[in-house]
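Okay, query_9.txt is below, compact mmCIF, C-alpha atoms:
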```txt
# COMPACT_ATOMS: atom_id res chain seq x y z
CA MET A 25 54.24 -145.31 13.09
CA ALA A 26 53.30 -148.20 15.32
CA LYS A 27 50.51 -150.62 14.50
CA ARG A 28 47.82 -151.22 17.03
CA GLY A 29 47.11 -154.74 18.09
CA GLY A 30 43.60 -156.18 18.43
CA LYS A 31 40.29 -154.62 17.43
CA SER A 32 39.67 -150.97 16.94
CA PHE A 33 37.23 -149.28 19.31
CA LEU A 34 34.60 -148.74 16.65
CA SER A 35 34.57 -151.95 14.66
CA LEU A 36 32.56 -152.43 11.49
CA SER A 37 30.15 -154.91 13.13
CA THR A 38 29.35 -152.44 15.94
CA LEU A 39 28.71 -149.72 13.40
CA LEU A 40 26.41 -151.96 11.32
CA ALA A 41 24.52 -153.19 14.40
CA SER A 42 23.89 -149.61 15.50
CA PHE A 43 22.73 -148.64 12.03
CA PHE A 44 20.31 -151.57 11.72
CA GLY A 45 19.00 -151.02 15.25
CA ALA A 46 18.22 -147.38 14.47
CA ALA A 47 16.67 -148.36 11.14
CA MET A 48 14.37 -150.90 12.84
CA ILE A 49 13.24 -148.35 15.43
CA ALA A 50 12.54 -145.79 12.69
CA ALA A 51 10.61 -148.40 10.66
CA ALA A 52 8.48 -149.37 13.68
CA PHE A 53 7.72 -145.71 14.42
CA ALA A 54 6.79 -145.06 10.78
CA TYR A 55 4.54 -148.15 10.67
CA PHE A 56 2.60 -147.22 13.82
CA ASN A 57 2.36 -143.61 12.69
CA TYR A 58 0.94 -144.82 9.36
CA LYS A 59 -1.54 -147.18 11.06
CA PHE A 60 -2.79 -144.33 13.28
CA SER A 61 -3.17 -141.95 10.34
CA GLU A 62 -5.04 -144.69 8.46
CA TYR A 63 -8.13 -143.88 10.54
CA LYS A 64 -10.20 -141.19 8.86
CA PHE A 65 -12.24 -138.22 10.02
CA ILE A 66 -15.81 -137.29 9.21
CA ASP A 67 -17.11 -133.76 9.74
CA PHE A 68 -20.90 -133.70 9.85
CA LYS A 69 -20.78 -129.96 9.16
CA ASP A 70 -19.23 -130.62 5.72
CA TRP A 71 -20.98 -133.89 4.91
CA VAL A 72 -24.74 -133.55 5.12
CA PHE A 73 -26.77 -136.59 6.16
CA TYR A 74 -30.53 -136.58 6.65
CA GLU A 75 -32.86 -138.18 9.19
CA LYS A 76 -36.09 -138.32 7.23
CA ASN A 77 -36.23 -134.65 6.10
CA ASP A 78 -34.10 -133.07 8.83
CA ILE A 79 -30.34 -132.56 8.69
CA PHE A 80 -28.58 -134.90 11.12
CA THR A 81 -26.56 -133.21 13.86
CA PRO A 82 -24.57 -135.60 16.08
CA GLN A 83 -25.20 -135.38 19.82
CA ALA A 84 -23.38 -138.42 21.30
CA ASP A 85 -19.64 -138.78 21.92
CA LYS A 86 -19.48 -142.19 20.21
CA TYR A 87 -21.44 -143.90 17.47
CA ILE A 88 -21.44 -147.24 15.75
CA VAL A 89 -21.63 -146.62 12.01
CA ILE A 90 -23.25 -149.35 9.96
CA PHE A 91 -23.28 -148.99 6.19
CA TYR A 92 -25.97 -151.33 4.88
CA SER A 93 -28.28 -152.03 1.97
CA SER A 94 -32.02 -151.67 2.52
CA LYS A 95 -32.50 -154.19 -0.30
CA GLU A 96 -31.11 -157.00 1.89
CA LYS A 97 -34.07 -158.75 3.46
CA GLY A 98 -34.62 -158.13 7.19
CA THR A 99 -31.60 -155.85 7.72
CA MET A 100 -33.58 -152.70 8.59
CA GLU A 101 -35.75 -154.55 11.11
CA LYS A 102 -32.71 -156.09 12.78
CA LEU A 103 -30.98 -152.70 12.95
CA ALA A 104 -34.08 -151.01 14.38
CA ASN A 105 -34.41 -153.69 17.06
CA THR A 106 -30.72 -153.88 18.02
CA ASN A 107 -30.24 -152.66 21.57
CA LEU A 108 -26.69 -151.45 22.26
CA ASN A 109 -25.11 -149.12 24.80
CA ILE A 110 -23.76 -146.96 21.93
CA PRO A 111 -26.14 -145.34 19.40
CA ILE A 112 -26.12 -146.68 15.84
CA LEU A 113 -25.89 -144.53 12.72
CA ALA A 114 -27.31 -146.72 9.96
CA ILE A 115 -26.40 -145.35 6.53
CA ASP A 116 -28.34 -146.90 3.67
CA TYR A 117 -26.69 -147.49 0.31
CA TYR A 118 -30.05 -146.95 -1.43
CA ASN A 119 -31.02 -143.88 0.65
CA GLU A 120 -34.44 -145.20 1.64
CA VAL A 121 -36.28 -143.07 4.20
CA GLN A 122 -36.62 -144.95 7.49
CA THR A 123 -38.09 -144.02 10.85
CA LYS A 124 -35.66 -143.56 13.71
CA SER A 125 -35.90 -146.19 16.43
CA GLU A 126 -34.86 -145.90 20.07
CA ASN A 127 -31.21 -146.86 19.47
CA THR A 128 -30.79 -146.55 15.70
CA ILE A 129 -30.69 -143.39 13.62
CA PHE A 130 -31.28 -144.12 9.94
CA LEU A 131 -29.40 -141.70 7.72
CA ARG A 132 -29.43 -140.96 4.02
CA SER A 133 -27.57 -138.48 1.85
CA GLY A 134 -27.08 -137.18 -1.63
CA THR A 135 -25.10 -139.14 -4.20
CA LYS A 136 -21.98 -137.00 -3.83
CA THR A 137 -21.90 -137.47 -0.05
CA SER A 138 -22.58 -141.20 -0.35
CA LEU A 139 -19.77 -141.69 -2.84
CA SER A 140 -17.39 -139.55 -0.77
CA PHE A 141 -18.28 -141.56 2.35
CA ILE A 142 -17.70 -144.89 0.60
CA GLN A 143 -14.41 -143.69 -0.83
CA ARG A 144 -13.14 -142.04 2.37
CA PHE A 145 -13.73 -145.14 4.48
CA ASN A 146 -12.87 -147.69 1.76
CA ILE A 147 -16.12 -149.59 2.13
CA TYR A 148 -16.19 -152.64 -0.12
CA GLU A 149 -18.91 -154.80 1.42
CA SER A 150 -22.37 -154.37 2.84
CA PRO A 151 -23.13 -154.37 5.70
CA SER A 152 -19.92 -152.86 7.08
CA ILE A 153 -19.36 -151.54 10.58
CA PHE A 154 -16.95 -149.25 12.42
CA PHE A 155 -16.90 -146.94 15.42
CA ILE A 156 -16.45 -143.17 15.43
CA LYS A 157 -15.55 -140.96 18.38
CA LYS A 158 -16.09 -137.22 18.83
CA SER A 159 -12.97 -135.15 18.29
CA LYS A 160 -14.48 -131.64 18.17
CA GLU A 161 -17.99 -130.22 17.79
CA THR A 162 -19.08 -131.97 14.58
CA LEU A 163 -15.75 -133.66 13.79
CA TYR A 164 -15.56 -137.39 14.49
CA LYS A 165 -12.60 -139.74 14.09
CA GLN A 166 -12.82 -143.37 13.09
CA ASP A 167 -12.13 -145.39 16.23
CA SER A 168 -11.90 -148.93 14.87
CA MET A 169 -11.12 -150.92 11.79
CA ILE A 170 -13.89 -151.36 9.23
CA ARG A 171 -15.28 -154.88 9.32
CA LYS A 172 -17.95 -156.76 7.45
CA LEU A 173 -20.93 -157.27 9.68
CA ASP A 174 -21.94 -160.91 9.65
CA ASN A 175 -24.24 -161.24 12.62
CA LEU A 176 -26.19 -158.50 14.44
CA GLU A 177 -26.97 -160.70 17.43
CA GLU A 178 -23.27 -161.40 17.99
CA LEU A 179 -22.56 -157.68 17.61
CA SER A 180 -25.01 -156.89 20.41
CA GLN A 181 -23.17 -159.20 22.81
CA GLN A 182 -19.70 -157.91 21.87
CA VAL A 183 -20.55 -154.19 22.05
CA ASN A 184 -22.50 -154.42 25.30
CA ASN A 185 -19.51 -156.15 26.92
CA LEU A 186 -17.24 -153.14 26.18
```
Kindly transcribe the structure held in the file into structure tokens.
Amino acid sequence: MAKRGGKSFLSLSTLLASFFGAAMIAAAFAYFNYKFSEYKFIDFKDWVFYEKNDIFTPQADKYIVIFYSSKEKGTMEKLANTNLNIPILAIDYYNEVQTKSENTIFLRSGTKTSLSFIQRFNIYESPSIFFIKKSKETLYKQDSMIRKLDNLEELSQQVNNL
């Protein structure tokens, strides 16, 4: 049997490079798939929120959701007077009844719904903000990361420039 001279066609380094290349592509795909699935859904048919005494039924295609505390001084007034091109759903931690303003819908809910909402969206600070977008009739998908809201005036400028 004769020995071959030089390198074999499928050398070990080529095999390892192909393996690591495929592994990196699979890892990138898995990461982006995970990041996309990280965004949650909310079905207003299953989770009941109230506007004063009426059950809230979403009408718009997009909303800005702001989870806030009515015990923080001036927050409700700022929310009521915020003028954005996307309607605001303001969900109060303390479930105080508020009057709807032109651009802000103040929502409240039962304890079970509030706790489920906080847990589903991993809300750790108040006020927090994120966007939702209509997926089906009453089903909405989170459309942004959840951020702590520091400044309502700055928010108005950023959202209106979208």
I need every residue sitting at most 7 Å from the point (-20.8, -148.0, 14.8) (coordinates as in the file, only C-alpha atoms considered), written as a PyMOL selection string. chain A and resi 87-90+112-113+153-156
For a test of reading the model, state the distance in Å between atom CA of Phe145 of chain A and atom CA of Thr123 of chain A, rounded to one decimal.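 Rounded to one decimal, the two atoms are 25.2 Å apart.
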So how many Å separate atom CA of Lys160 of chain A and atom CA of Tyr63 of chain A, to one decimal? 15.8 Å
The distance between atom CA of Asp85 of chain A and atom CA of Ile170 of chain A is 18.8 Å
Between A:Glu96, A:Asp70, A:Asp78, A:Glu161, single out the one closest to Leu131 of chain A, counting only C-alpha atoms. A:Asp78
With distances taken over only C-alpha atoms, which residue among A:Tyr74, A:Phe53, A:Tyr148, A:Phe44 lies nearest Val121 of chain A? A:Tyr74
Adding 3 Å on each side of the box along x, y and z that holds all listed atoms of segment 138-147 of chain A, could you give its centre and edge lengths in Å to one decimal, as lines of an AutoDock Vina configuration file?
```
center_x = -17.7
center_y = -144.6
center_z = 0.8
size_x = 15.7
size_y = 16.0
size_z = 13.3
```
I need the residue nearest Lys158 of chain A from this list: A:Val72, A:Leu173, A:Ile79, A:Ala84. Use only C-alpha atoms for the distance. A:Ala84
Would you list the contacts of Ile115 of chain A as a VMD selection string, taking every protein, DNA or RNA residue within 9 Å and counting only C-alpha atoms, but skipping same-chain residues closer than 3 positions in sequence? chain A and resid 73 89 to 93 118 to 119 129 to 133 138
Just write segment 28-131 of chain A with C-alpha atoms, as a PDB file, in the first residue's frame, taken from the block above.
```pdb
ATOM      1  CA  ARG A  28       0.053   9.580   0.177  1.00  0.00           C
ATOM      2  CA  GLY A  29       2.192  12.651   0.320  1.00  0.00           C
ATOM      3  CA  GLY A  30       0.963  16.018   1.624  1.00  0.00           C
ATOM      4  CA  LYS A  31      -2.309  16.845   3.340  1.00  0.00           C
ATOM      5  CA  SER A  32      -5.450  14.827   3.121  1.00  0.00           C
ATOM      6  CA  PHE A  33      -8.459  16.446   1.462  1.00  0.00           C
ATOM      7  CA  LEU A  34     -10.427  16.730   4.670  1.00  0.00           C
ATOM      8  CA  SER A  35      -7.906  17.854   7.251  1.00  0.00           C
ATOM      9  CA  LEU A  36      -8.667  18.126  10.944  1.00  0.00           C
ATOM     10  CA  SER A  37      -8.461  21.946  10.930  1.00  0.00           C
ATOM     11  CA  THR A  38     -11.012  22.184   8.085  1.00  0.00           C
ATOM     12  CA  LEU A  39     -13.333  19.866   9.947  1.00  0.00           C
ATOM     13  CA  LEU A  40     -13.026  21.876  13.190  1.00  0.00           C
ATOM     14  CA  ALA A  41     -13.503  25.201  11.389  1.00  0.00           C
ATOM     15  CA  SER A  42     -16.684  23.912   9.762  1.00  0.00           C
ATOM     16  CA  PHE A  43     -17.975  22.615  13.077  1.00  0.00           C
ATOM     17  CA  PHE A  44     -17.316  25.877  14.933  1.00  0.00           C
ATOM     18  CA  GLY A  45     -18.794  27.935  12.087  1.00  0.00           C
ATOM     19  CA  ALA A  46     -22.004  25.899  12.193  1.00  0.00           C
ATOM     20  CA  ALA A  47     -22.086  26.105  15.984  1.00  0.00           C
ATOM     21  CA  MET A  48     -21.762  29.921  15.893  1.00  0.00           C
ATOM     22  CA  ILE A  49     -24.584  30.229  13.352  1.00  0.00           C
ATOM     23  CA  ALA A  50     -26.807  27.965  15.461  1.00  0.00           C
ATOM     24  CA  ALA A  51     -25.978  29.967  18.608  1.00  0.00           C
ATOM     25  CA  ALA A  52     -26.808  33.276  16.885  1.00  0.00           C
ATOM     26  CA  PHE A  53     -30.115  31.869  15.612  1.00  0.00           C
ATOM     27  CA  ALA A  54     -31.003  30.537  19.071  1.00  0.00           C
ATOM     28  CA  TYR A  55     -30.130  33.875  20.718  1.00  0.00           C
ATOM     29  CA  PHE A  56     -32.277  35.960  18.351  1.00  0.00           C
ATOM     30  CA  ASN A  57     -35.099  33.432  18.589  1.00  0.00           C
ATOM     31  CA  TYR A  58     -34.914  33.690  22.395  1.00  0.00           C
ATOM     32  CA  LYS A  59     -34.850  37.509  22.316  1.00  0.00           C
ATOM     33  CA  PHE A  60     -37.947  37.554  20.080  1.00  0.00           C
ATOM     34  CA  SER A  61     -39.821  35.110  22.300  1.00  0.00           C
ATOM     35  CA  GLU A  62     -38.860  37.220  25.323  1.00  0.00           C
ATOM     36  CA  TYR A  63     -41.607  39.678  24.365  1.00  0.00           C
ATOM     37  CA  LYS A  64     -44.896  38.701  25.968  1.00  0.00           C
ATOM     38  CA  PHE A  65     -48.538  38.747  24.942  1.00  0.00           C
ATOM     39  CA  ILE A  66     -51.521  40.217  26.735  1.00  0.00           C
ATOM     40  CA  ASP A  67     -55.065  39.163  25.876  1.00  0.00           C
ATOM     41  CA  PHE A  68     -57.590  41.705  27.123  1.00  0.00           C
ATOM     42  CA  LYS A  69     -60.297  39.054  26.806  1.00  0.00           C
ATOM     43  CA  ASP A  70     -58.590  36.949  29.502  1.00  0.00           C
ATOM     44  CA  TRP A  71     -57.208  39.759  31.648  1.00  0.00           C
ATOM     45  CA  VAL A  72     -59.932  42.156  32.730  1.00  0.00           C
ATOM     46  CA  PHE A  73     -59.021  45.807  33.255  1.00  0.00           C
ATOM     47  CA  TYR A  74     -61.514  48.519  34.158  1.00  0.00           C
ATOM     48  CA  GLU A  75     -61.965  52.136  33.093  1.00  0.00           C
ATOM     49  CA  LYS A  76     -63.856  53.540  36.058  1.00  0.00           C
ATOM     50  CA  ASN A  77     -66.655  50.914  36.240  1.00  0.00           C
ATOM     51  CA  ASP A  78     -66.617  49.698  32.627  1.00  0.00           C
ATOM     52  CA  ILE A  79     -64.546  46.816  31.286  1.00  0.00           C
ATOM     53  CA  PHE A  80     -61.771  48.109  29.026  1.00  0.00           C
ATOM     54  CA  THR A  81     -61.891  46.905  25.425  1.00  0.00           C
ATOM     55  CA  PRO A  82     -58.913  47.985  23.283  1.00  0.00           C
ATOM     56  CA  GLN A  83     -59.702  49.876  20.080  1.00  0.00           C
ATOM     57  CA  ALA A  84     -56.305  51.144  18.828  1.00  0.00           C
ATOM     58  CA  ASP A  85     -53.631  49.136  17.014  1.00  0.00           C
ATOM     59  CA  LYS A  86     -50.848  50.372  19.311  1.00  0.00           C
ATOM     60  CA  TYR A  87     -50.671  51.544  22.898  1.00  0.00           C
ATOM     61  CA  ILE A  88     -48.053  52.841  25.260  1.00  0.00           C
ATOM     62  CA  VAL A  89     -48.430  50.985  28.547  1.00  0.00           C
ATOM     63  CA  ILE A  90     -47.303  52.847  31.636  1.00  0.00           C
ATOM     64  CA  PHE A  91     -47.373  51.037  34.961  1.00  0.00           C
ATOM     65  CA  TYR A  92     -47.287  53.701  37.666  1.00  0.00           C
ATOM     66  CA  SER A  93     -48.089  54.415  41.292  1.00  0.00           C
ATOM     67  CA  SER A  94     -50.836  56.932  42.056  1.00  0.00           C
ATOM     68  CA  LYS A  95     -49.082  57.575  45.375  1.00  0.00           C
ATOM     69  CA  GLU A  96     -46.182  59.300  43.577  1.00  0.00           C
ATOM     70  CA  LYS A  97     -46.880  63.012  43.642  1.00  0.00           C
ATOM     71  CA  GLY A  98     -47.917  64.597  40.329  1.00  0.00           C
ATOM     72  CA  THR A  99     -47.704  61.422  38.221  1.00  0.00           C
ATOM     73  CA  MET A 100     -51.424  61.201  37.387  1.00  0.00           C
ATOM     74  CA  GLU A 101     -51.594  64.858  36.341  1.00  0.00           C
ATOM     75  CA  LYS A 102     -48.540  64.481  34.113  1.00  0.00           C
ATOM     76  CA  LEU A 103     -49.984  61.332  32.526  1.00  0.00           C
ATOM     77  CA  ALA A 104     -53.363  62.986  31.940  1.00  0.00           C
ATOM     78  CA  ASN A 105     -51.712  65.989  30.284  1.00  0.00           C
ATOM     79  CA  THR A 106     -49.219  64.049  28.143  1.00  0.00           C
ATOM     80  CA  ASN A 107     -50.034  64.512  24.473  1.00  0.00           C
ATOM     81  CA  LEU A 108     -48.676  61.699  22.284  1.00  0.00           C
ATOM     82  CA  ASN A 109     -49.548  60.314  18.868  1.00  0.00           C
ATOM     83  CA  ILE A 110     -50.132  56.866  20.450  1.00  0.00           C
ATOM     84  CA  PRO A 111     -52.766  56.387  23.195  1.00  0.00           C
ATOM     85  CA  ILE A 112     -51.532  55.662  26.725  1.00  0.00           C
ATOM     86  CA  LEU A 113     -52.823  52.862  28.936  1.00  0.00           C
ATOM     87  CA  ALA A 114     -51.942  53.960  32.463  1.00  0.00           C
ATOM     88  CA  ILE A 115     -52.182  51.048  34.901  1.00  0.00           C
ATOM     89  CA  ASP A 116     -52.106  52.064  38.545  1.00  0.00           C
ATOM     90  CA  TYR A 117     -50.392  49.876  41.122  1.00  0.00           C
ATOM     91  CA  TYR A 118     -52.889  51.047  43.767  1.00  0.00           C
ATOM     92  CA  ASN A 119     -55.964  50.723  41.501  1.00  0.00           C
ATOM     93  CA  GLU A 120     -57.249  54.231  42.157  1.00  0.00           C
ATOM     94  CA  VAL A 121     -60.216  55.256  39.999  1.00  0.00           C
ATOM     95  CA  GLN A 122     -59.201  58.040  37.602  1.00  0.00           C
ATOM     96  CA  THR A 123     -61.062  59.895  34.881  1.00  0.00           C
ATOM     97  CA  LYS A 124     -59.988  59.214  31.317  1.00  0.00           C
ATOM     98  CA  SER A 125     -58.316  62.146  29.589  1.00  0.00           C
ATOM     99  CA  GLU A 126     -58.069  62.833  25.864  1.00  0.00           C
ATOM    100  CA  ASN A 127     -54.926  60.726  25.324  1.00  0.00           C
ATOM    101  CA  THR A 128     -54.670  58.642  28.495  1.00  0.00           C
ATOM    102  CA  ILE A 129     -56.875  55.760  29.576  1.00  0.00           C
ATOM    103  CA  PHE A 130     -56.490  55.021  33.278  1.00  0.00           C
ATOM    104  CA  LEU A 131     -56.966  51.333  34.024  1.00  0.00           C
TER     105      LEU A 131
END
```
